[in-house]
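A.B. asks: Got a structure for you, questions after.
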2 protein chains.
Amino acid sequence: MATIEEVAKEAGVSVATVSRVLNNKSPVSINARIKVENAIKKLKYEPNMLGRNLRRSESRMILALLPSISNPFYASIIQGIEDIAVENNYGVLLCETSSKSEREMLYFNLLKQKLADGVISLDPTIDKNNLKEIGIRYPFIQCCEYDEDLNIPYVAIDNKLAAYKAVKHLISIGHKNIALINSDEKFLYARLRKEGYIEALQENNIEVDEKLMINCDLDFESGKKAMKQLLKSNESLTAVFAVADILAIGAIKAIKEANYRVPDDIAVVGFDNIPMANMIDPALTTIAQPMYQIGCTACKMLIKKINNKDETIENSILGFELIIRESTMK
Amino acid sequence: MATIEEVAKEAGVSVATVSRVLNNKSPVSINARIKVENAIKKLKYEPNMLGRNLRRSESRMILALLPSISNPFYASIIQGIEDIAVENNYGVLLCETSSKSEREMLYFNLLKQKLADGVISLDPTIDKNNLKEIGIRYPFIQCCEYDEDLNIPYVAIDNKLAAYKAVKHLISIGHKNIALINSDEKFLYARLRKEGYIEALQENNIEVDEKLMINCDLDFESGKKAMKQLLKSNESLTAVFAVADILAIGAIKAIKEANYRVPDDIAVVGFDNIPMANMIDPALTTIAQPMYQIGCTACKMLIKKINNKDETIENSILGFELIIRESTMK
DNA sequence: TTGTAGGCGTTATCAC
DNA sequence: GTGATAACGCCTACAA
């Protein structure tokens, strides 16, 4: 592999001039430029980024922290992050934490070791102490799930409003006994969506019934189990709002297994609009977050922060959309 | 941020000694070691990997090339790759090609620029010329889909045998009119799975009928469309083998929309065992590839190759499993 | 067992 | 516009 020095020799100029051509910043005579370009071609020279990175003290890598890549919810967000990153000459380092703070630490070390220039965290289970320590020392953006106290910029949607609209939709088509399948309320989004659910009910003078609310883990089986339990203890239930599609899909399976029909007997609304929502039978009514946009926005915010560490980055609240499909259509 | 030099000064030793402690390779007196360790703690020193990487001429990054992260098929494989990578002190660079060779090139440049030490390609659409050029010059492993001619190591399952077993299963429960929904036969796996399908039929003296075979793109909608077409032109059809779960799931949707039942009227077998296969109704019979293992194996092979560029790496053929679920149970 | 010093490949600061 | 040259932070002969 040729080095800048060999190129300089071949072109009959100094390494400085070659570097100038490479970065094509400071002015170079047309003559020198041509000689250098020819030499580069001839030697098939490719700059060694290890040298450049050391010199510039940057890695041009971005950490994307997520609990698990197998959650389809993250796919489009990551796509957005990647597209913007590539556009700006950054690479994306994939970091699955499996919600283990030890893995998290490992990845945060990359920052300290200069192997990454900043972080976008999609991980709601992130350790608060870590977040505090890292979030103020390094460029850091929280994505979808965030901690309000810490003054670390985030991008998200208005979760409360979105949940409100979802439940409102159920009410508007005549439902009154509406269950809530929620995830763990240690997550901010879970608390916010519950608030939205409650507000919609109260606004329509529907009594909020503790027996209609249930919390569970964030996967298909848990959603199924939760629904089974709800069916057992609530005979008059006619609709369900699940705070995640994957829970809603589990719920639908449980409803079918109990020999009820969706939506005829029980209507179901999810949240996220994962691709699967449109593939199952019946297709799922859900809240669509602008995933790709969220990813793009987060990445843009991060790069801005990397480029100017002292700048204050404003939070972004993006829009959402209620998508009505078969699971709530009579 | 402290440097190795400051640590040396603080500890009252030379930078060489600090480096020795850091890499804890060559012998250091217990006395010196303790002084250095204290200094490191005191200064909160973290080695700057940019310096180390330049010196060692390695990046400790692995490229994982995939067409799209939103294909759930890849999730576990990537998990496997990541786990082994982290274990060996490598980072995984996520590379979505969107099946564009221009993006591919971009990522391959990272190799030339020393920003990545090797590649695992999960992308069946990879450009053959690129593959040839890069695959012989840099550590490269092909994963799941591969090119046989090029003498680049790969890890995969026996696709032909797996398809054979899948179709055999349909035959064994009494089906004779079995359709094949295949993807584009420019892909090796598509050709191999078709071979398996044909072999199973022939072995049981079932006539191979061109009208029962159809090719389409690799997504839900395409599977649905393909099935619709099959239903239109084949009245006696009682079973379908789709070479990917996502196609099978599309097919099931089409079957239901045509008011047939699965499996009572038409049985369906997929391929991949993506998580969704077990969530839909009816749950899908499918071939499970050992995804996580595939990822681990690929990554181990790659690291071996990186560590010893002259070593010849043997291909790996892993096992698979036929998982029988509701979609083929009467 | 330890220290000195050179070099990895770039970029940036100076003079000219 | 251009060329020397000193960093960037680390590792590793080589010498002691």
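Lettering and numbering for the structure tokens are positional, with chains as A, B, ... in the shown order, residues counted from 1 in each chain, and ligands counted from 1 in the shown order.
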Dump as a Markdown table the rows for residues of chain B within 6 Å of chain A: closest atom pair and distance in Å with one decimal, only C-alpha atoms counted, ordered by chain and rising residue number.
C.D. replies:
```
| residue | atom | partner | partner_atom | distance |
| --- | --- | --- | --- | --- |
| B:Pro47 | CA | A:Gln113 | CA | 5.9 |
| B:Asn48 | CA | A:Gln113 | CA | 4.8 |
| B:Met49 | CA | A:Gln113 | CA | 5.5 |
| B:Leu50 | CA | A:Leu54 | CA | 5.1 |
| B:Gly51 | CA | A:Leu54 | CA | 6.0 |
| B:Leu54 | CA | A:Leu50 | CA | 5.1 |
| B:Ile69 | CA | A:Ala75 | CA | 5.8 |
| B:Ser70 | CA | A:Ala75 | CA | 4.8 |
| B:Ala75 | CA | A:Ser70 | CA | 4.8 |
| B:Val92 | CA | A:Leu94 | CA | 5.9 |
| B:Leu93 | CA | A:Leu93 | CA | 4.8 |
| B:Leu94 | CA | A:Leu94 | CA | 5.8 |
| B:Gln113 | CA | A:Asn48 | CA | 4.8 |
| B:Lys114 | CA | A:Asn48 | CA | 6.0 |
```
A.B. asks: Create the file for the chosen residues now, containing N, CA and C atoms and written as a PDB file, in the first residue's frame.
C.D. replies:
```pdb
ATOM      1  N   PRO B  47      -6.056   4.353  27.359  1.00  0.00           N
ATOM      2  CA  PRO B  47      -5.215   4.388  26.160  1.00  0.00           C
ATOM      3  C   PRO B  47      -5.970   4.925  24.957  1.00  0.00           C
ATOM      4  N   ASN B  48      -5.327   5.708  24.167  1.00  0.00           N
ATOM      5  CA  ASN B  48      -5.924   6.234  22.941  1.00  0.00           C
ATOM      6  C   ASN B  48      -5.698   5.231  21.815  1.00  0.00           C
ATOM      7  N   MET B  49      -6.797   4.639  21.401  1.00  0.00           N
ATOM      8  CA  MET B  49      -6.702   3.557  20.420  1.00  0.00           C
ATOM      9  C   MET B  49      -6.286   4.055  19.046  1.00  0.00           C
ATOM     10  N   LEU B  50      -6.466   5.328  18.794  1.00  0.00           N
ATOM     11  CA  LEU B  50      -6.060   5.844  17.488  1.00  0.00           C
ATOM     12  C   LEU B  50      -4.553   5.677  17.347  1.00  0.00           C
ATOM     13  N   GLY B  51      -3.848   5.992  18.420  1.00  0.00           N
ATOM     14  CA  GLY B  51      -2.401   5.811  18.397  1.00  0.00           C
ATOM     15  C   GLY B  51      -2.025   4.346  18.249  1.00  0.00           C
ATOM     16  N   LEU B  54      -2.848   2.936  14.752  1.00  0.00           N
ATOM     17  CA  LEU B  54      -1.914   3.367  13.718  1.00  0.00           C
ATOM     18  C   LEU B  54      -0.615   2.572  13.827  1.00  0.00           C
ATOM     19  N   ILE B  69     -31.257  -3.967   7.132  1.00  0.00           N
ATOM     20  CA  ILE B  69     -31.345  -4.407   8.513  1.00  0.00           C
ATOM     21  C   ILE B  69     -32.760  -4.764   8.879  1.00  0.00           C
ATOM     22  N   SER B  70     -33.706  -4.308   8.085  1.00  0.00           N
ATOM     23  CA  SER B  70     -35.097  -4.550   8.461  1.00  0.00           C
ATOM     24  C   SER B  70     -35.561  -5.954   8.085  1.00  0.00           C
ATOM     25  N   ALA B  75     -31.250 -10.784  11.893  1.00  0.00           N
ATOM     26  CA  ALA B  75     -31.069 -10.325  13.267  1.00  0.00           C
ATOM     27  C   ALA B  75     -30.186 -11.253  14.106  1.00  0.00           C
ATOM     28  N   VAL B  92     -18.209  -4.102  15.452  1.00  0.00           N
ATOM     29  CA  VAL B  92     -18.894  -4.471  14.222  1.00  0.00           C
ATOM     30  C   VAL B  92     -19.446  -3.224  13.552  1.00  0.00           C
ATOM     31  N   LEU B  93     -19.034  -3.036  12.347  1.00  0.00           N
ATOM     32  CA  LEU B  93     -19.488  -1.888  11.586  1.00  0.00           C
ATOM     33  C   LEU B  93     -20.671  -2.316  10.752  1.00  0.00           C
ATOM     34  N   LEU B  94     -21.786  -1.656  10.992  1.00  0.00           N
ATOM     35  CA  LEU B  94     -23.000  -2.022  10.305  1.00  0.00           C
ATOM     36  C   LEU B  94     -23.020  -1.427   8.914  1.00  0.00           C
ATOM     37  N   GLN B 113      -8.777   1.759   3.274  1.00  0.00           N
ATOM     38  CA  GLN B 113      -8.346   2.873   4.107  1.00  0.00           C
ATOM     39  C   GLN B 113      -7.952   2.435   5.504  1.00  0.00           C
ATOM     40  N   LYS B 114      -7.935   1.125   5.707  1.00  0.00           N
ATOM     41  CA  LYS B 114      -7.486   0.570   6.995  1.00  0.00           C
ATOM     42  C   LYS B 114      -8.468   0.791   8.126  1.00  0.00           C
TER      43      LYS B 114
END
```
A.B. asks: Mind listing as a list in words which residues of chain D are within 7 Å of chain B, counting only C-alpha atoms (C1' of nucleotides)?
C.D. replies: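 My answer is DG9, DC10 and DC11 of chain D.
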A.B. asks: Could you save the residues just selected, with N, CA and C atoms (P, O5', C5', C4', C3', O3' and C1' of nucleotides), as an mmCIF file, in the first residue's frame?
C.D. replies:
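Produced file again.cif, reproduced below:
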```cif
data_model
loop_
_atom_site.group_PDB
_atom_site.id
_atom_site.type_symbol
_atom_site.label_atom_id
_atom_site.label_comp_id
_atom_site.auth_asym_id
_atom_site.auth_seq_id
_atom_site.Cartn_x
_atom_site.Cartn_y
_atom_site.Cartn_z
ATOM 1 P P DG D 9 -2.183 13.387 21.849
ATOM 2 O "O5'" DG D 9 -1.891 11.829 21.954
ATOM 3 C "C5'" DG D 9 -2.885 10.906 21.564
ATOM 4 C "C4'" DG D 9 -2.275 9.528 21.531
ATOM 5 C "C3'" DG D 9 -1.586 9.112 22.826
ATOM 6 O "O3'" DG D 9 -2.178 7.912 23.253
ATOM 7 C "C1'" DG D 9 -0.185 8.708 20.967
ATOM 8 P P DC D 10 -1.642 7.001 24.385
ATOM 9 O "O5'" DC D 10 -0.858 5.906 23.540
ATOM 10 C "C5'" DC D 10 -1.599 5.089 22.655
ATOM 11 C "C4'" DC D 10 -0.660 4.302 21.786
ATOM 12 C "C3'" DC D 10 0.207 3.298 22.528
ATOM 13 O "O3'" DC D 10 -0.339 2.004 22.310
ATOM 14 C "C1'" DC D 10 1.435 4.497 20.857
ATOM 15 P P DC D 11 0.297 0.774 23.052
ATOM 16 O "O5'" DC D 11 1.491 0.364 22.075
ATOM 17 C "C5'" DC D 11 1.156 -0.223 20.848
ATOM 18 C "C4'" DC D 11 2.417 -0.529 20.095
ATOM 19 C "C3'" DC D 11 3.274 -1.636 20.705
ATOM 20 O "O3'" DC D 11 3.672 -2.463 19.632
ATOM 21 C "C1'" DC D 11 4.577 0.297 20.380
#
```
A.B. asks: Using only C-alpha atoms (C1' of nucleotides), which residues sit within 12 Å of DC14 of chain C once same-chain residues fewer than 5 positions away are excluded, as a compact mmCIF listing (two decimals) with C-alpha atoms (C1' of nucleotides), in the first residue's frame?
C.D. replies:
```txt
# COMPACT_ATOMS: atom_id res chain seq x y z
C1' DT D 2 5.08 25.34 -1.66
C1' DG D 3 8.28 22.67 1.36
C1' DA D 4 10.34 21.37 5.89
C1' DT D 5 9.15 19.67 9.99
C1' DA D 6 6.89 19.00 14.26
```
A.B. asks: Show me, as a PyMOL selection string, the residues of chain C whose atoms get within 12 Å of chain A, using only C-alpha atoms (C1' of nucleotides) for the distance check.
C.D. replies: chain C and resi 8-13
A.B. asks: From the DSSP assignment of the backbone, select every residue of segment 69-271 of chain A that is helix (DSSP H, G or I), and format the answer as a ChimeraX atom specification.
C.D. replies: /A:72-87,101-112,128-137,159-172,188-203,210-212,220-233,245-257
A.B. asks: As an exercise, work out the distance from atom CA of Glu104 of chain A to atom CA of Gly118 of chain A in Å and give it to one decimal place.
C.D. replies: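 Atom CA of Gly118 of chain A lies 13.8 Å from atom CA of Glu104 of chain A.
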A.B. asks: So that I can check the surroundings of Leu22 of chain A, please list as a PyMOL selection string every protein, DNA and RNA residue that reaches within 9 Å of it, counting only C-alpha atoms (C1' of nucleotides) and ignoring chain neighbours fewer than 4 positions away.
C.D. replies: chain A and resi 17-18+37+47
A.B. asks: Using only C-alpha atoms, can you tell me which of B:Ala226, B:Tyr154, B:Glu6, B:Val119 comes closest to Glu314 of chain B?
C.D. replies: B:Tyr154
